[in-house]
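Shown next: target.cif, containing mmCIF, C-alpha atoms.
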data_work
#
loop_
_atom_site.label_atom_id
_atom_site.label_comp_id
_atom_site.auth_asym_id
_atom_site.auth_seq_id
_atom_site.Cartn_x
_atom_site.Cartn_y
_atom_site.Cartn_z
CA MET G 19 12.08 12.83 -33.40
CA ASP G 20 15.49 11.07 -33.32
CA CYS G 21 16.15 7.44 -32.34
CA GLY G 22 16.85 8.35 -28.71
CA GLY G 23 13.55 10.19 -28.44
CA VAL G 24 11.64 7.31 -30.00
CA PHE G 25 13.30 4.89 -27.56
CA VAL G 26 12.39 7.06 -24.56
CA LYS G 27 8.84 7.47 -25.88
CA TYR G 28 8.12 3.76 -26.18
CA VAL G 29 9.92 2.80 -22.95
CA LEU G 30 7.80 5.36 -21.10
CA PHE G 31 4.67 4.14 -22.89
CA ILE G 32 5.31 0.44 -22.06
CA PHE G 33 6.24 1.33 -18.47
CA ASN G 34 2.96 3.17 -17.97
CA ILE G 35 0.90 0.50 -19.74
CA LEU G 36 2.18 -2.01 -17.17
CA PHE G 37 1.25 0.32 -14.33
CA VAL G 38 -2.19 0.97 -15.84
CA ILE G 39 -2.75 -2.80 -15.74
CA CYS G 40 -1.49 -2.92 -12.13
CA GLY G 41 -3.87 -0.09 -11.21
CA ILE G 42 -6.84 -1.89 -12.80
CA LEU G 43 -5.96 -5.12 -10.98
CA LEU G 44 -5.74 -3.26 -7.65
CA ILE G 45 -9.10 -1.58 -8.32
CA ILE G 46 -10.70 -4.96 -9.08
CA PHE G 47 -9.08 -6.60 -6.04
CA GLY G 48 -10.08 -3.75 -3.71
CA SER G 49 -13.65 -3.76 -5.06
CA LEU G 50 -13.94 -7.52 -4.52
CA MET G 51 -12.65 -7.13 -0.94
CA VAL G 52 -15.22 -4.40 -0.23
CA SER G 53 -18.06 -6.50 -1.68
CA GLU G 54 -17.04 -9.58 0.33
CA ILE G 55 -16.98 -7.81 3.69
CA LYS G 56 -20.32 -7.83 5.51
CA ASN G 57 -22.18 -4.68 6.40
CA PHE G 58 -21.87 -3.74 10.05
CA SER G 59 -24.22 -1.90 12.36
CA ASN G 60 -22.77 1.58 11.94
CA ILE G 61 -20.57 3.66 9.65
CA ASP G 62 -17.48 3.52 11.93
CA GLU G 63 -17.49 -0.27 12.04
CA THR G 64 -18.04 -0.49 8.29
CA PHE G 65 -15.11 1.84 7.62
CA THR G 66 -12.89 -0.08 10.07
CA ALA G 67 -13.65 -3.40 8.44
CA ASN G 68 -13.16 -2.00 4.95
CA SER G 69 -10.09 0.16 5.69
CA VAL G 70 -7.53 -2.12 4.02
CA ALA G 71 -9.80 -2.66 1.00
CA ILE G 72 -10.41 1.10 0.72
CA ILE G 73 -6.66 1.83 0.82
CA ILE G 74 -6.06 -0.73 -1.95
CA LEU G 75 -8.91 0.74 -3.99
CA VAL G 76 -7.67 4.33 -3.63
CA LEU G 77 -4.09 3.27 -4.41
CA GLY G 78 -5.29 1.44 -7.52
CA CYS G 79 -7.22 4.51 -8.71
CA LEU G 80 -4.19 6.77 -8.12
CA ILE G 81 -1.80 4.43 -9.97
CA PHE G 82 -4.28 4.08 -12.84
CA LEU G 83 -4.84 7.84 -13.17
CA VAL G 84 -1.16 8.83 -13.08
CA SER G 85 -0.09 5.99 -15.39
CA PHE G 86 -2.92 6.74 -17.83
CA ILE G 87 -1.79 10.38 -18.07
CA GLY G 88 1.79 9.26 -18.67
CA CYS G 89 0.75 6.62 -21.21
CA CYS G 90 -1.43 8.95 -23.30
CA SER G 91 1.03 11.85 -23.08
CA ALA G 92 3.94 9.66 -24.19
CA ILE G 93 2.23 8.08 -27.19
CA ARG G 94 0.69 11.40 -28.34
CA GLU G 95 3.90 13.33 -27.59
CA ASN G 96 1.94 15.91 -25.61
CA SER G 97 4.40 18.21 -23.86
CA CYS G 98 1.79 19.60 -21.44
CA GLY G 99 0.69 16.14 -20.36
CA LEU G 100 4.30 14.95 -20.05
CA THR G 101 5.16 17.97 -17.92
CA THR G 102 2.18 17.30 -15.65
CA TYR G 103 3.19 13.65 -15.40
CA SER G 104 6.81 14.52 -14.58
CA ILE G 105 5.68 16.97 -11.85
CA VAL G 106 3.46 14.27 -10.30
CA MET G 107 6.31 11.73 -10.45
CA LEU G 108 8.68 14.25 -8.83
CA GLY G 109 6.12 14.83 -6.05
CA LEU G 110 5.74 11.09 -5.49
CA PHE G 111 9.53 10.70 -5.52
CA LEU G 112 10.04 13.36 -2.83
CA CYS G 113 7.21 11.98 -0.68
CA GLN G 114 8.68 8.50 -0.99
CA ILE G 115 12.12 9.72 0.09
CA ALA G 116 10.60 11.43 3.12
CA LEU G 117 8.64 8.28 4.02
CA ILE G 118 11.65 5.94 3.69
CA ILE G 119 13.86 8.26 5.77
CA TYR G 120 11.15 8.51 8.41
CA VAL G 121 10.71 4.72 8.61
CA TRP G 122 14.47 4.15 8.59
CA ILE G 123 15.12 6.59 11.45
CA ASN G 124 12.02 5.95 13.55
CA HIS G 125 11.47 2.19 13.11
CA VAL G 126 11.91 1.61 16.88
CA GLN G 127 9.38 4.31 17.74
CA ILE G 128 6.99 2.92 15.11
CA GLN G 129 7.29 -0.53 16.66
CA THR G 130 6.56 0.97 20.10
CA SER G 131 3.51 2.74 18.65
CA LEU G 132 2.30 -0.54 17.13
CA ASP G 133 2.66 -2.22 20.53
CA THR G 134 0.67 0.60 22.15
CA MET G 135 -2.01 0.26 19.47
CA VAL G 136 -2.33 -3.50 20.06
CA LYS G 137 -2.62 -2.88 23.83
CA LYS G 138 -5.34 -0.28 23.23
CA ILE G 139 -7.26 -2.66 20.94
CA TRP G 140 -7.05 -5.34 23.63
CA ASP G 141 -8.25 -2.95 26.37
CA GLN G 142 -11.24 -1.95 24.22
CA ARG G 143 -12.20 -5.50 23.23
CA ASN G 144 -15.38 -5.47 25.31
CA SER G 145 -16.71 -2.24 23.75
CA ASP G 146 -15.31 -2.83 20.24
CA LYS G 147 -14.91 -6.55 19.60
CA LEU G 148 -14.51 -6.15 15.84
CA LEU G 149 -10.96 -4.74 15.93
CA MET G 150 -9.60 -7.49 18.18
CA ASP G 151 -11.30 -10.19 16.12
CA THR G 152 -9.87 -8.72 12.90
CA LEU G 153 -6.38 -8.59 14.41
CA GLN G 154 -6.57 -12.19 15.63
CA LYS G 155 -7.88 -13.50 12.31
CA SER G 156 -5.40 -11.65 10.13
CA LEU G 157 -2.28 -12.40 12.22
CA LYS G 158 -3.44 -15.83 13.49
CA CYS G 159 -2.80 -14.82 17.09
CA CYS G 160 -4.82 -15.11 20.30
CA GLY G 161 -5.00 -12.70 23.23
CA LEU G 162 -2.59 -9.89 24.05
CA ASN G 163 0.33 -11.94 25.38
CA GLY G 164 -1.12 -15.38 24.68
CA PHE G 165 -4.28 -17.49 24.67
CA SER G 166 -4.19 -17.66 28.50
CA ASP G 167 -5.38 -14.02 28.58
CA TYR G 168 -8.88 -15.31 27.82
CA GLY G 169 -8.89 -17.67 30.82
CA GLY G 170 -10.18 -20.69 28.90
CA ASN G 171 -13.06 -18.98 27.06
CA TYR G 172 -11.48 -18.56 23.62
CA PRO G 173 -13.40 -16.49 20.98
CA PRO G 174 -14.03 -17.88 17.45
CA SER G 175 -11.42 -15.52 15.95
CA CYS G 176 -8.65 -17.41 17.78
CA CYS G 177 -8.85 -20.45 15.48
CA ASP G 178 -9.64 -21.35 11.88
CA ASN G 179 -12.53 -23.73 12.55
CA PRO G 180 -14.45 -22.74 15.70
CA GLN G 181 -16.96 -25.21 17.11
CA ASN G 182 -20.22 -23.88 18.60
CA GLY G 183 -18.92 -20.31 18.59
CA SER G 184 -15.66 -21.00 20.46
CA CYS G 185 -12.21 -22.54 20.03
CA SER G 186 -10.71 -25.53 21.79
CA PHE G 187 -7.47 -25.44 23.76
CA LEU G 188 -5.67 -27.56 21.14
CA ALA G 189 -6.67 -25.11 18.40
CA VAL G 190 -5.38 -22.00 20.20
CA ALA G 191 -2.30 -23.47 21.95
CA PRO G 192 0.07 -23.06 18.96
CA ARG G 193 -0.93 -19.43 18.41
CA PRO G 194 1.22 -16.58 19.79
CA GLY G 195 -0.11 -13.50 21.51
CA CYS G 196 -1.02 -10.61 19.21
CA ARG G 197 1.63 -8.36 20.76
CA SER G 198 4.45 -10.74 19.75
CA ALA G 199 2.76 -11.47 16.39
CA VAL G 200 2.74 -7.76 15.46
CA GLU G 201 6.35 -7.38 16.62
CA SER G 202 7.42 -10.40 14.56
CA LEU G 203 5.56 -9.10 11.49
CA TRP G 204 7.24 -5.71 11.77
CA ASN G 205 10.74 -7.16 12.28
CA THR G 206 10.27 -9.53 9.35
CA ASN G 207 9.05 -6.88 6.92
CA ILE G 208 10.99 -3.74 7.91
CA ASN G 209 13.92 -4.46 5.55
CA ILE G 210 11.51 -5.44 2.76
CA ILE G 211 9.70 -2.12 3.24
CA LYS G 212 12.98 -0.17 3.15
CA TYR G 213 14.58 -1.82 0.11
CA ALA G 214 11.34 -2.20 -1.84
CA GLY G 215 10.83 1.51 -1.26
CA LEU G 216 14.30 2.21 -2.69
CA GLY G 217 13.42 0.11 -5.75
CA VAL G 218 10.22 2.08 -6.29
CA LEU G 219 12.24 5.30 -5.89
CA ALA G 220 14.56 4.21 -8.69
CA VAL G 221 11.60 3.47 -10.98
CA GLU G 222 9.99 6.83 -10.18
CA LEU G 223 13.27 8.66 -10.83
CA VAL G 224 13.73 6.97 -14.22
CA ALA G 225 10.12 7.76 -15.17
CA PHE G 226 10.61 11.41 -14.13
CA ILE G 227 13.85 11.77 -16.16
CA PHE G 228 12.35 10.08 -19.24
CA ALA G 229 9.20 12.23 -19.06
CA CYS G 230 11.27 15.42 -18.76
CA CYS G 231 13.50 14.43 -21.68
CA LEU G 232 10.55 13.53 -23.89
CA ALA G 233 8.64 16.72 -22.97
CA ASN G 234 11.70 18.83 -23.75
CA GLN G 235 12.29 17.11 -27.10
CA THR G 236 8.61 17.46 -28.02
CA ARG G 237 8.71 21.21 -27.30
CA ASN G 238 11.89 21.58 -29.37
CA ASP G 239 10.28 19.71 -32.28
CA LEU G 240 7.26 22.05 -32.14
CA ARG G 241 9.54 25.11 -32.19
CA ARG G 242 11.39 23.80 -35.24
CA GLN G 243 8.08 23.19 -37.04
CA ASN G 244 7.03 26.80 -36.40
CA TYR G 245 10.16 28.23 -38.02
#

Can the structure from this file be put into structure tokens for me?
Amino acid sequence: MDCGGVFVKYVLFIFNILFVICGILLIIFGSLMVSEIKNFSNIDETFTANSVAIIILVLGCLIFLVSFIGCCSAIRENSCGLTTYSIVMLGLFLCQIALIIYVWINHVQIQTSLDTMVKKIWDQRNSDKLLMDTLQKSLKCCGLNGFSDYGGNYPPSCCDNPQNGSCSFLAVAPRPGCRSAVESLWNTNINIIKYAGLGVLAVELVAFIFACCLANQTRNDLRRQNY
């Protein structure tokens, strides 16, 4: 293998080693989140409470698996493994492009859908208190449009340190309504989502090109050895 091939091999190997570590860290973090969340009365509530942790755990496993294939294939110069890795990276690249275009074009509709979702969670608060409590704790908000929606009887999820199972007026007064909190979160992070996605696209494209080049050179080396 020439100098260019050796360079590509070790860049691809180091790149995937870093992502293997990231995958392991996500798996550990997701597992800790799952173990810290209490068990609820039924399967639906348990899944709802653990949904974020489960997504992190699955993402960590996916990153670990793909990166491990790329890492082993690169260091062993396995053309079959490198081809599989490049196909997976191409698939991820195309899916990522579709997702970024969708978010870029439909960000207003997505925001409207988020607002509808928050309204639905608020309307169902009496039958499914868990979702509203989770929303209020995570976004540090209170009520749909503001703390006044509760009419003076503020739930413990509306403040950081509830007293006797409820929150005081002074504790909830600075908090926005959950509708405006979700809107603010989306507006703050939409550009981060877009441009971070473009950065990930660039990384995936480089990994795909390097894997294809290394797989092709490995196959050529095998052909030369057989002559």

Name the closest residue to Cys231 of chain G among the candidates G:Ile72, G:Ala214, G:Ala189, G:Ala92; distances are taken between atoms, counting only C-alpha atoms.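 Going through G:Ile72, G:Ala214, G:Ala189, G:Ala92 one by one, the smallest distance to Cys231 of chain G is for G:Ala92.
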
For segment 162-177 of chain G, please output as a JSON list (two decimals) with C-alpha atoms, in the coordinates of the input all residues within 9 Å (counting all atoms listed in the file; exclusion window: fewer than 6 positions along the same chain).
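New file around.json:
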[["chain", "number", "residue", "atom", "x", "y", "z"],
["G", 136, "VAL", "CA", -2.33, -3.50, 20.06],
["G", 137, "LYS", "CA", -2.62, -2.88, 23.83],
["G", 140, "TRP", "CA", -7.05, -5.34, 23.63],
["G", 150, "MET", "CA", -9.60, -7.49, 18.18],
["G", 151, "ASP", "CA", -11.30, -10.19, 16.12],
["G", 152, "THR", "CA", -9.87, -8.72, 12.90],
["G", 153, "LEU", "CA", -6.38, -8.59, 14.41],
["G", 154, "GLN", "CA", -6.57, -12.19, 15.63],
["G", 155, "LYS", "CA", -7.88, -13.50, 12.31],
["G", 183, "GLY", "CA", -18.92, -20.31, 18.59],
["G", 184, "SER", "CA", -15.66, -21.00, 20.46],
["G", 185, "CYS", "CA", -12.21, -22.54, 20.03],
["G", 186, "SER", "CA", -10.71, -25.53, 21.79],
["G", 187, "PHE", "CA", -7.47, -25.44, 23.76],
["G", 189, "ALA", "CA", -6.67, -25.11, 18.40],
["G", 190, "VAL", "CA", -5.38, -22.00, 20.20],
["G", 191, "ALA", "CA", -2.30, -23.47, 21.95],
["G", 193, "ARG", "CA", -0.93, -19.43, 18.41],
["G", 194, "PRO", "CA", 1.22, -16.58, 19.79],
["G", 195, "GLY", "CA", -0.11, -13.50, 21.51],
["G", 196, "CYS", "CA", -1.02, -10.61, 19.21],
["G", 197, "ARG", "CA", 1.63, -8.36, 20.76],
["G", 198, "SER", "CA", 4.45, -10.74, 19.75]]

Residues matched by the PyMOL selection byres ((chain G and resi 43) around 12) as an MDAnalysis selection string: chainID G and resid 36:42 44:50 74:75 77:79 81:82

Save the residues we just selected, C-alpha atoms, as a short mmCIF file (atom, residue, chain, number, x, y, z; two decimals), in the coordinates of the input?
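Saved as out_34.cif:
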data_model
loop_
_atom_site.label_atom_id
_atom_site.label_comp_id
_atom_site.auth_asym_id
_atom_site.auth_seq_id
_atom_site.Cartn_x
_atom_site.Cartn_y
_atom_site.Cartn_z
CA LEU G 36 2.18 -2.01 -17.17
CA PHE G 37 1.25 0.32 -14.33
CA VAL G 38 -2.19 0.97 -15.84
CA ILE G 39 -2.75 -2.80 -15.74
CA CYS G 40 -1.49 -2.92 -12.13
CA GLY G 41 -3.87 -0.09 -11.21
CA ILE G 42 -6.84 -1.89 -12.80
CA LEU G 44 -5.74 -3.26 -7.65
CA ILE G 45 -9.10 -1.58 -8.32
CA ILE G 46 -10.70 -4.96 -9.08
CA PHE G 47 -9.08 -6.60 -6.04
CA GLY G 48 -10.08 -3.75 -3.71
CA SER G 49 -13.65 -3.76 -5.06
CA LEU G 50 -13.94 -7.52 -4.52
CA ILE G 74 -6.06 -0.73 -1.95
CA LEU G 75 -8.91 0.74 -3.99
CA LEU G 77 -4.09 3.27 -4.41
CA GLY G 78 -5.29 1.44 -7.52
CA CYS G 79 -7.22 4.51 -8.71
CA ILE G 81 -1.80 4.43 -9.97
CA PHE G 82 -4.28 4.08 -12.84
#

Which distance in Å separates atom CA of Gly217 of chain G and atom CA of Ala229 of chain G, to one decimal?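 Going from atom CA of Gly217 of chain G over to atom CA of Ala229 of chain G, I get 18.5 Å.
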
Determine the residue set returned by the PyMOL selection byres ((chain G and resi 121) around 12) for the present structure, and present it as a PyMOL selection string. chain G and resi 114-120+122-129+204+207-213+215

Within 12 Å of segment 25-34 of chain G, counting only C-alpha atoms, which residues show up once you throw out same-chain ones fewer than 6 positions away? Write them as a VMD selection string, please. chain G and resid 19 40 to 41 81 to 97 100 103 to 104 107 221 to 222 224 to 236

Hey, can you check how far atom CA of Val200 of chain G sits from atom CA of Ala220 of chain G?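 Between atom CA of Val200 of chain G and atom CA of Ala220 of chain G the gap is 29.4 Å.
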
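Distances here use all atoms listed in the file; by that measure, the residue among G:Ser131, G:Val24, G:Asp141, G:Leu223 closest to Phe111 of chain G is G:Leu223.
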
What box, with edges along x, y and z, holds each listed atom of segment 127-137 of chain G when 6 Å is added on every side, and can you state its centre and edge lengths in Å to one decimal, as lines of an AutoDock Vina configuration file?
center_x = 3.4
center_y = 0.4
center_z = 19.5
size_x = 24.0
size_y = 19.8
size_z = 20.7
